[in-house]
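Dropping input-v2.pdb in here (PDB, C-alpha atoms):
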ATOM      1  CA  MET A 333      18.212 -60.536-118.869
ATOM      2  CA  CYS A 334      15.126 -61.350-116.776
ATOM      3  CA  CYS A 335      13.739 -64.406-115.104
ATOM      4  CA  VAL A 336      10.163 -65.662-115.521
ATOM      5  CA  SER A 337       8.866 -63.315-112.799
ATOM      6  CA  GLY A 338      10.113 -60.298-114.763
ATOM      7  CA  ARG A 339      12.677 -59.373-112.117
ATOM      8  CA  PRO A 340      16.304 -58.976-113.186
ATOM      9  CA  TRP A 341      18.248 -62.191-113.187
ATOM     10  CA  TRP A 342      21.881 -62.036-112.191
ATOM     11  CA  GLN A 343      24.128 -64.905-112.966
ATOM     12  CA  VAL A 344      26.448 -65.538-110.050
ATOM     13  CA  ALA A 345      30.024 -66.080-111.171
ATOM     14  CA  GLU A 346      31.463 -69.363-110.033
ATOM     15  CA  ILE A 347      34.821 -70.973-109.493
ATOM     16  CA  SER A 348      35.218 -74.636-110.414
ATOM     17  CA  LEU A 349      37.358 -77.034-108.395
ATOM     18  CA  LEU A 350      38.335 -80.026-110.542
ATOM     19  CA  LEU A 351      39.075 -83.212-108.614
ATOM     20  CA  PRO A 352      41.094 -86.239-109.731
ATOM     21  CA  SER A 353      39.200 -89.538-109.831
ATOM     22  CA  VAL A 354      40.897 -90.782-106.659
ATOM     23  CA  LEU A 355      39.350 -87.901-104.646
ATOM     24  CA  GLN A 356      35.910 -87.850-106.264
ATOM     25  CA  PRO A 357      34.377 -90.441-103.884
ATOM     26  CA  LEU A 358      35.133 -88.043-101.023
ATOM     27  CA  ALA A 359      32.972 -85.410-102.754
ATOM     28  CA  GLY A 360      29.953 -87.622-103.346
ATOM     29  CA  GLY A 361      31.362 -88.850-106.644
ATOM     30  CA  GLN A 362      31.445 -85.380-108.176
ATOM     31  CA  PRO A 363      34.344 -84.595-110.526
ATOM     32  CA  VAL A 364      33.789 -80.831-110.219
ATOM     33  CA  LEU A 365      32.742 -78.737-107.233
ATOM     34  CA  THR A 366      31.629 -75.154-107.748
ATOM     35  CA  ALA A 367      31.667 -72.210-105.390
ATOM     36  CA  PRO A 368      30.157 -68.765-105.866
ATOM     37  CA  ALA A 369      32.683 -66.014-106.500
ATOM     38  CA  GLU A 370      31.062 -63.180-104.600
ATOM     39  CA  GLY A 371      34.027 -60.925-103.981
ATOM     40  CA  PRO A 372      37.672 -61.865-103.544
ATOM     41  CA  VAL A 373      38.251 -65.592-103.294
ATOM     42  CA  THR A 374      41.517 -67.188-102.312
ATOM     43  CA  VAL A 375      42.521 -70.824-102.578
ATOM     44  CA  ARG A 376      42.331 -70.911 -98.767
ATOM     45  CA  SER A 377      38.706 -69.712 -98.665
ATOM     46  CA  LEU A 378      37.809 -72.123-101.459
ATOM     47  CA  LEU A 379      39.316 -75.043 -99.524
ATOM     48  CA  ASP A 380      37.563 -73.848 -96.347
ATOM     49  CA  ALA A 381      34.247 -74.049 -98.213
ATOM     50  CA  VAL A 382      35.112 -77.521 -99.524
ATOM     51  CA  ALA A 383      36.027 -78.699 -96.018
ATOM     52  CA  SER A 384      32.743 -77.406 -94.598
ATOM     53  CA  ASP A 385      30.768 -79.475 -97.114
ATOM     54  CA  TYR A 386      33.136 -82.455 -97.433
ATOM     55  CA  ALA A 387      35.167 -82.786 -94.232
ATOM     56  CA  VAL A 388      37.027 -85.948 -95.255
ATOM     57  CA  LEU A 389      38.061 -84.364 -98.562
ATOM     58  CA  GLY A 390      39.214 -81.267 -96.709
ATOM     59  CA  ARG A 391      41.443 -83.403 -94.471
ATOM     60  CA  ARG A 392      42.941 -85.134 -97.522
ATOM     61  CA  LEU A 393      43.890 -81.783 -99.047
ATOM     62  CA  ARG A 394      45.256 -79.986 -95.959
ATOM     63  CA  ASP A 395      46.931 -81.072 -92.764
ATOM     64  CA  GLU A 396      45.910 -80.202 -89.195
ATOM     65  CA  THR A 397      47.713 -76.844 -89.440
ATOM     66  CA  GLY A 398      45.767 -75.891 -92.579
ATOM     67  CA  ALA A 399      48.754 -76.229 -94.916
ATOM     68  CA  LEU A 400      48.501 -78.144 -98.182
ATOM     69  CA  ARG A 401      49.534 -81.731 -97.746
ATOM     70  CA  ARG A 402      52.925 -82.546 -99.225
ATOM     71  CA  PHE A 403      51.583 -84.665-102.082
ATOM     72  CA  VAL A 404      48.681 -82.394-103.030
ATOM     73  CA  ASN A 405      49.260 -79.883-105.803
ATOM     74  CA  ILE A 406      46.762 -77.173-106.675
ATOM     75  CA  TYR A 407      46.871 -75.191-109.907
ATOM     76  CA  VAL A 408      45.164 -71.890-110.714
ATOM     77  CA  ASN A 409      45.276 -70.886-114.351
ATOM     78  CA  GLY A 410      47.905 -73.558-114.966
ATOM     79  CA  ASP A 411      50.253 -72.273-112.243
ATOM     80  CA  GLU A 412      51.003 -74.285-109.129
ATOM     81  CA  VAL A 413      49.943 -72.233-106.087
ATOM     82  CA  ARG A 414      53.163 -72.983-104.174
ATOM     83  CA  ARG A 415      54.961 -70.947-106.853
ATOM     84  CA  LEU A 416      52.445 -68.114-106.494
ATOM     85  CA  GLN A 417      51.096 -66.858-103.151
ATOM     86  CA  GLY A 418      50.324 -70.312-101.775
ATOM     87  CA  LEU A 419      46.896 -70.594-100.171
ATOM     88  CA  ASP A 420      46.540 -66.812-100.437
ATOM     89  CA  THR A 421      46.555 -67.022-104.249
ATOM     90  CA  GLU A 422      43.489 -65.202-105.551
ATOM     91  CA  VAL A 423      41.075 -66.959-107.864
ATOM     92  CA  ALA A 424      39.019 -64.901-110.286
ATOM     93  CA  PRO A 425      35.394 -65.680-111.168
ATOM     94  CA  GLY A 426      35.224 -68.188-113.999
ATOM     95  CA  GLN A 427      38.633 -69.687-113.307
ATOM     96  CA  GLU A 428      39.213 -73.370-112.709
ATOM     97  CA  VAL A 429      41.233 -74.699-109.821
ATOM     98  CA  LEU A 430      42.780 -78.085-110.499
ATOM     99  CA  VAL A 431      43.708 -80.507-107.728
ATOM    100  CA  ILE A 432      46.385 -83.088-108.491
ATOM    101  CA  GLN A 433      47.316 -85.702-105.933
ATOM    102  CA  SER A 434      50.814 -87.044-106.465
ATOM    103  CA  VAL A 435      51.191 -90.794-106.595
ATOM    104  CA  ALA A 436      54.288 -92.402-105.160
ATOM    105  CA  GLY A 437      55.461 -95.885-105.815
ATOM    106  CA  GLY A 438      58.102 -97.892-107.434
TER     107      GLY A 438
END
Output the structure of this file as structure tokens.
Amino acid sequence: MCCVSGRPWWQVAEISLLLPSVLQPLAGGQPVLTAPAEGPVTVRSLLDAVASDYAVLGRRLRDETGALRRFVNIYVNGDEVRRLQGLDTEVAPGQEVLVIQSVAGG
């Protein structure tokens, strides 16, 4: 495939981070954030990229030590990362990462 200039066009694989509506205002109202998947990507590196662009969102997802906050659940391919390799869970190009923020109440 080529672009208009005739040079080869390479589509960069991306990873999508899906946010619940309660967190979307912290990402400029976006329901989905995307990051390029150039090489190995872990949940940690994905969240680092999110925090560099959206600092307040980053602080809502992880605590001051960098660990996931207690009431934040992240799923890769339908599996909760705490049951996998935690923040070191690898994410493949094209996969979606789903953020779920638990709601407490009574």
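Run against this file, the PyMOL selection byres ((chain A and resi 425) around 12) gives back Gln343, Val344, Ala345, Glu346, Ile347, Ser348, Leu349, Thr366, Ala367, Pro368, Ala369, Glu370, Gly371, Pro372, Val373, Thr374, Leu378, Val408, Asn409, Glu422, Val423, Ala424, Gly426, Gln427, Glu428 and Val429 of chain A.
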Quick one: write out the picked residues with C-alpha atoms as a PDB file, in the coordinates of the input?
ATOM      1  CA  GLN A 343      24.128 -64.905-112.966  1.00  0.00           C
ATOM      2  CA  VAL A 344      26.448 -65.538-110.050  1.00  0.00           C
ATOM      3  CA  ALA A 345      30.024 -66.080-111.171  1.00  0.00           C
ATOM      4  CA  GLU A 346      31.463 -69.363-110.033  1.00  0.00           C
ATOM      5  CA  ILE A 347      34.821 -70.973-109.493  1.00  0.00           C
ATOM      6  CA  SER A 348      35.218 -74.636-110.414  1.00  0.00           C
ATOM      7  CA  LEU A 349      37.358 -77.034-108.395  1.00  0.00           C
ATOM      8  CA  THR A 366      31.629 -75.154-107.748  1.00  0.00           C
ATOM      9  CA  ALA A 367      31.667 -72.210-105.390  1.00  0.00           C
ATOM     10  CA  PRO A 368      30.157 -68.765-105.866  1.00  0.00           C
ATOM     11  CA  ALA A 369      32.683 -66.014-106.500  1.00  0.00           C
ATOM     12  CA  GLU A 370      31.062 -63.180-104.600  1.00  0.00           C
ATOM     13  CA  GLY A 371      34.027 -60.925-103.981  1.00  0.00           C
ATOM     14  CA  PRO A 372      37.672 -61.865-103.544  1.00  0.00           C
ATOM     15  CA  VAL A 373      38.251 -65.592-103.294  1.00  0.00           C
ATOM     16  CA  THR A 374      41.517 -67.188-102.312  1.00  0.00           C
ATOM     17  CA  LEU A 378      37.809 -72.123-101.459  1.00  0.00           C
ATOM     18  CA  VAL A 408      45.164 -71.890-110.714  1.00  0.00           C
ATOM     19  CA  ASN A 409      45.276 -70.886-114.351  1.00  0.00           C
ATOM     20  CA  GLU A 422      43.489 -65.202-105.551  1.00  0.00           C
ATOM     21  CA  VAL A 423      41.075 -66.959-107.864  1.00  0.00           C
ATOM     22  CA  ALA A 424      39.019 -64.901-110.286  1.00  0.00           C
ATOM     23  CA  GLY A 426      35.224 -68.188-113.999  1.00  0.00           C
ATOM     24  CA  GLN A 427      38.633 -69.687-113.307  1.00  0.00           C
ATOM     25  CA  GLU A 428      39.213 -73.370-112.709  1.00  0.00           C
ATOM     26  CA  VAL A 429      41.233 -74.699-109.821  1.00  0.00           C
TER      27      VAL A 429
END
Exercise for review: Please indicate the distance in Å from atom CA of Leu358 of chain A to atom CA of Ser384 of chain A, rounded to one decimal place.
Suggested key: 12.7 Å
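Here atom CA of Ile406 of chain A stands at a distance of 11.2 Å from atom CA of Arg394 of chain A.
The shortest atom-to-atom distance to Asp420 of chain A, with only C-alpha atoms taken into account, belongs to A:Ser377 out of A:Val435, A:Ser377, A:Leu393, A:Asp385.
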**Study point:** 8 Å contact set for Leu389 of chain A, only C-alpha atoms, chain neighbours under 3 positions out, as a ChimeraX atom specification
**Key:** /A:355,358-359,382-383,386,392-393
Please put the answer as JSON: centre and edge lengths, in Å with one decimal, of a box along x, y and z that encloses all listed atoms of segment 375-380 of chain A plus 3 Å on each side.
{"center_x": 40.0, "center_y": -72.4, "center_z": -99.5, "size_x": 11.0, "size_y": 11.3, "size_z": 12.2}
Exercise for review: Return the single residue from A:Val375, A:Ala381, A:Ile432, A:Val354 that is closest to Leu416 of chain A, with distances computed using all atoms listed in the file.
Suggested key: A:Val375
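Here atom CA of Tyr407 of chain A and atom CA of Leu379 of chain A stand 12.8 Å from one another.
For the choices A:Pro363, A:Leu350, A:Arg391, A:Arg376, the atom-to-atom distance to Thr421 of chain A is smallest for A:Arg376 when using only C-alpha atoms.
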Review point. Where does the PyMOL selection byres ((chain A and resi 403) around 6) land in this file, that is, which residues does it pick, as a PyMOL selection string?
Key: chain A and resi 401-402+404+433-434
Segment 359-370 of chain A from the block above: all heavy atoms written as a PDB file, in the first residue's frame:
ATOM      1  N   ALA A 359      -9.783  12.757  30.538  1.00  0.00           N
ATOM      2  CA  ALA A 359      -9.055  12.512  29.287  1.00  0.00           C
ATOM      3  C   ALA A 359      -9.611  13.394  28.182  1.00  0.00           C
ATOM      4  O   ALA A 359      -9.678  12.988  27.025  1.00  0.00           O
ATOM      5  CB  ALA A 359      -9.148  11.042  28.901  1.00  0.00           C
ATOM      6  N   GLY A 360     -10.061  14.584  28.561  1.00  0.00           N
ATOM      7  CA  GLY A 360     -10.598  15.510  27.560  1.00  0.00           C
ATOM      8  C   GLY A 360     -11.908  15.050  26.970  1.00  0.00           C
ATOM      9  O   GLY A 360     -12.237  15.419  25.855  1.00  0.00           O
ATOM     10  N   GLY A 361     -12.645  14.222  27.695  1.00  0.00           N
ATOM     11  CA  GLY A 361     -13.933  13.739  27.225  1.00  0.00           C
ATOM     12  C   GLY A 361     -13.857  12.557  26.281  1.00  0.00           C
ATOM     13  O   GLY A 361     -14.880  12.095  25.772  1.00  0.00           O
ATOM     14  N   GLN A 362     -12.671  12.032  26.059  1.00  0.00           N
ATOM     15  CA  GLN A 362     -12.499  10.926  25.122  1.00  0.00           C
ATOM     16  C   GLN A 362     -12.846   9.583  25.772  1.00  0.00           C
ATOM     17  O   GLN A 362     -12.347   9.275  26.850  1.00  0.00           O
ATOM     18  CB  GLN A 362     -11.049  10.865  24.639  1.00  0.00           C
ATOM     19  CG  GLN A 362     -10.606  12.122  23.907  1.00  0.00           C
ATOM     20  CD  GLN A 362      -9.152  12.014  23.527  1.00  0.00           C
ATOM     21  OE1 GLN A 362      -8.839  11.354  22.543  1.00  0.00           O
ATOM     22  NE2 GLN A 362      -8.281  12.627  24.305  1.00  0.00           N
ATOM     23  N   PRO A 363     -13.650   8.776  25.111  1.00  0.00           N
ATOM     24  CA  PRO A 363     -13.964   7.445  25.656  1.00  0.00           C
ATOM     25  C   PRO A 363     -12.867   6.422  25.388  1.00  0.00           C
ATOM     26  O   PRO A 363     -12.773   5.417  26.068  1.00  0.00           O
ATOM     27  CB  PRO A 363     -15.250   7.066  24.939  1.00  0.00           C
ATOM     28  CG  PRO A 363     -15.211   7.825  23.656  1.00  0.00           C
ATOM     29  CD  PRO A 363     -14.458   9.097  23.944  1.00  0.00           C
ATOM     30  N   VAL A 364     -12.033   6.681  24.376  1.00  0.00           N
ATOM     31  CA  VAL A 364     -10.973   5.751  23.998  1.00  0.00           C
ATOM     32  C   VAL A 364      -9.686   6.536  23.759  1.00  0.00           C
ATOM     33  O   VAL A 364      -9.694   7.531  23.034  1.00  0.00           O
ATOM     34  CB  VAL A 364     -11.339   4.971  22.711  1.00  0.00           C
ATOM     35  CG1 VAL A 364     -10.216   4.033  22.306  1.00  0.00           C
ATOM     36  CG2 VAL A 364     -12.637   4.209  22.880  1.00  0.00           C
ATOM     37  N   LEU A 365      -8.611   6.081  24.360  1.00  0.00           N
ATOM     38  CA  LEU A 365      -7.282   6.630  24.100  1.00  0.00           C
ATOM     39  C   LEU A 365      -6.508   5.568  23.336  1.00  0.00           C
ATOM     40  O   LEU A 365      -6.653   4.378  23.607  1.00  0.00           O
ATOM     41  CB  LEU A 365      -6.559   6.969  25.402  1.00  0.00           C
ATOM     42  CG  LEU A 365      -7.237   7.974  26.322  1.00  0.00           C
ATOM     43  CD1 LEU A 365      -6.456   8.106  27.625  1.00  0.00           C
ATOM     44  CD2 LEU A 365      -7.363   9.326  25.634  1.00  0.00           C
ATOM     45  N   THR A 366      -5.689   5.983  22.393  1.00  0.00           N
ATOM     46  CA  THR A 366      -4.899   5.019  21.638  1.00  0.00           C
ATOM     47  C   THR A 366      -3.422   5.324  21.810  1.00  0.00           C
ATOM     48  O   THR A 366      -3.026   6.474  21.988  1.00  0.00           O
ATOM     49  CB  THR A 366      -5.251   5.032  20.139  1.00  0.00           C
ATOM     50  OG1 THR A 366      -5.056   6.344  19.619  1.00  0.00           O
ATOM     51  CG2 THR A 366      -6.677   4.583  19.901  1.00  0.00           C
ATOM     52  N   ALA A 367      -2.640   4.269  21.771  1.00  0.00           N
ATOM     53  CA  ALA A 367      -1.187   4.389  21.871  1.00  0.00           C
ATOM     54  C   ALA A 367      -0.562   3.508  20.799  1.00  0.00           C
ATOM     55  O   ALA A 367      -1.068   2.418  20.522  1.00  0.00           O
ATOM     56  CB  ALA A 367      -0.718   3.952  23.253  1.00  0.00           C
ATOM     57  N   PRO A 368       0.515   3.979  20.186  1.00  0.00           N
ATOM     58  CA  PRO A 368       1.184   3.138  19.189  1.00  0.00           C
ATOM     59  C   PRO A 368       1.801   1.918  19.854  1.00  0.00           C
ATOM     60  O   PRO A 368       2.260   1.983  20.994  1.00  0.00           O
ATOM     61  CB  PRO A 368       2.261   4.054  18.602  1.00  0.00           C
ATOM     62  CG  PRO A 368       2.463   5.125  19.607  1.00  0.00           C
ATOM     63  CD  PRO A 368       1.185   5.251  20.380  1.00  0.00           C
ATOM     64  N   ALA A 369       1.772   0.814  19.152  1.00  0.00           N
ATOM     65  CA  ALA A 369       2.352  -0.434  19.664  1.00  0.00           C
ATOM     66  C   ALA A 369       3.612  -0.722  18.869  1.00  0.00           C
ATOM     67  O   ALA A 369       3.648  -1.601  18.030  1.00  0.00           O
ATOM     68  CB  ALA A 369       1.344  -1.567  19.557  1.00  0.00           C
ATOM     69  N   GLU A 370       4.635   0.046  19.138  1.00  0.00           N
ATOM     70  CA  GLU A 370       5.919  -0.127  18.457  1.00  0.00           C
ATOM     71  C   GLU A 370       6.830  -0.941  19.362  1.00  0.00           C
ATOM     72  O   GLU A 370       7.586  -0.401  20.144  1.00  0.00           O
ATOM     73  CB  GLU A 370       6.523   1.234  18.151  1.00  0.00           C
ATOM     74  CG  GLU A 370       5.646   2.089  17.261  1.00  0.00           C
ATOM     75  CD  GLU A 370       6.131   3.525  17.164  1.00  0.00           C
ATOM     76  OE1 GLU A 370       7.088   3.893  17.854  1.00  0.00           O
ATOM     77  OE2 GLU A 370       5.529   4.269  16.393  1.00  0.00           O
TER      78      GLU A 370
END
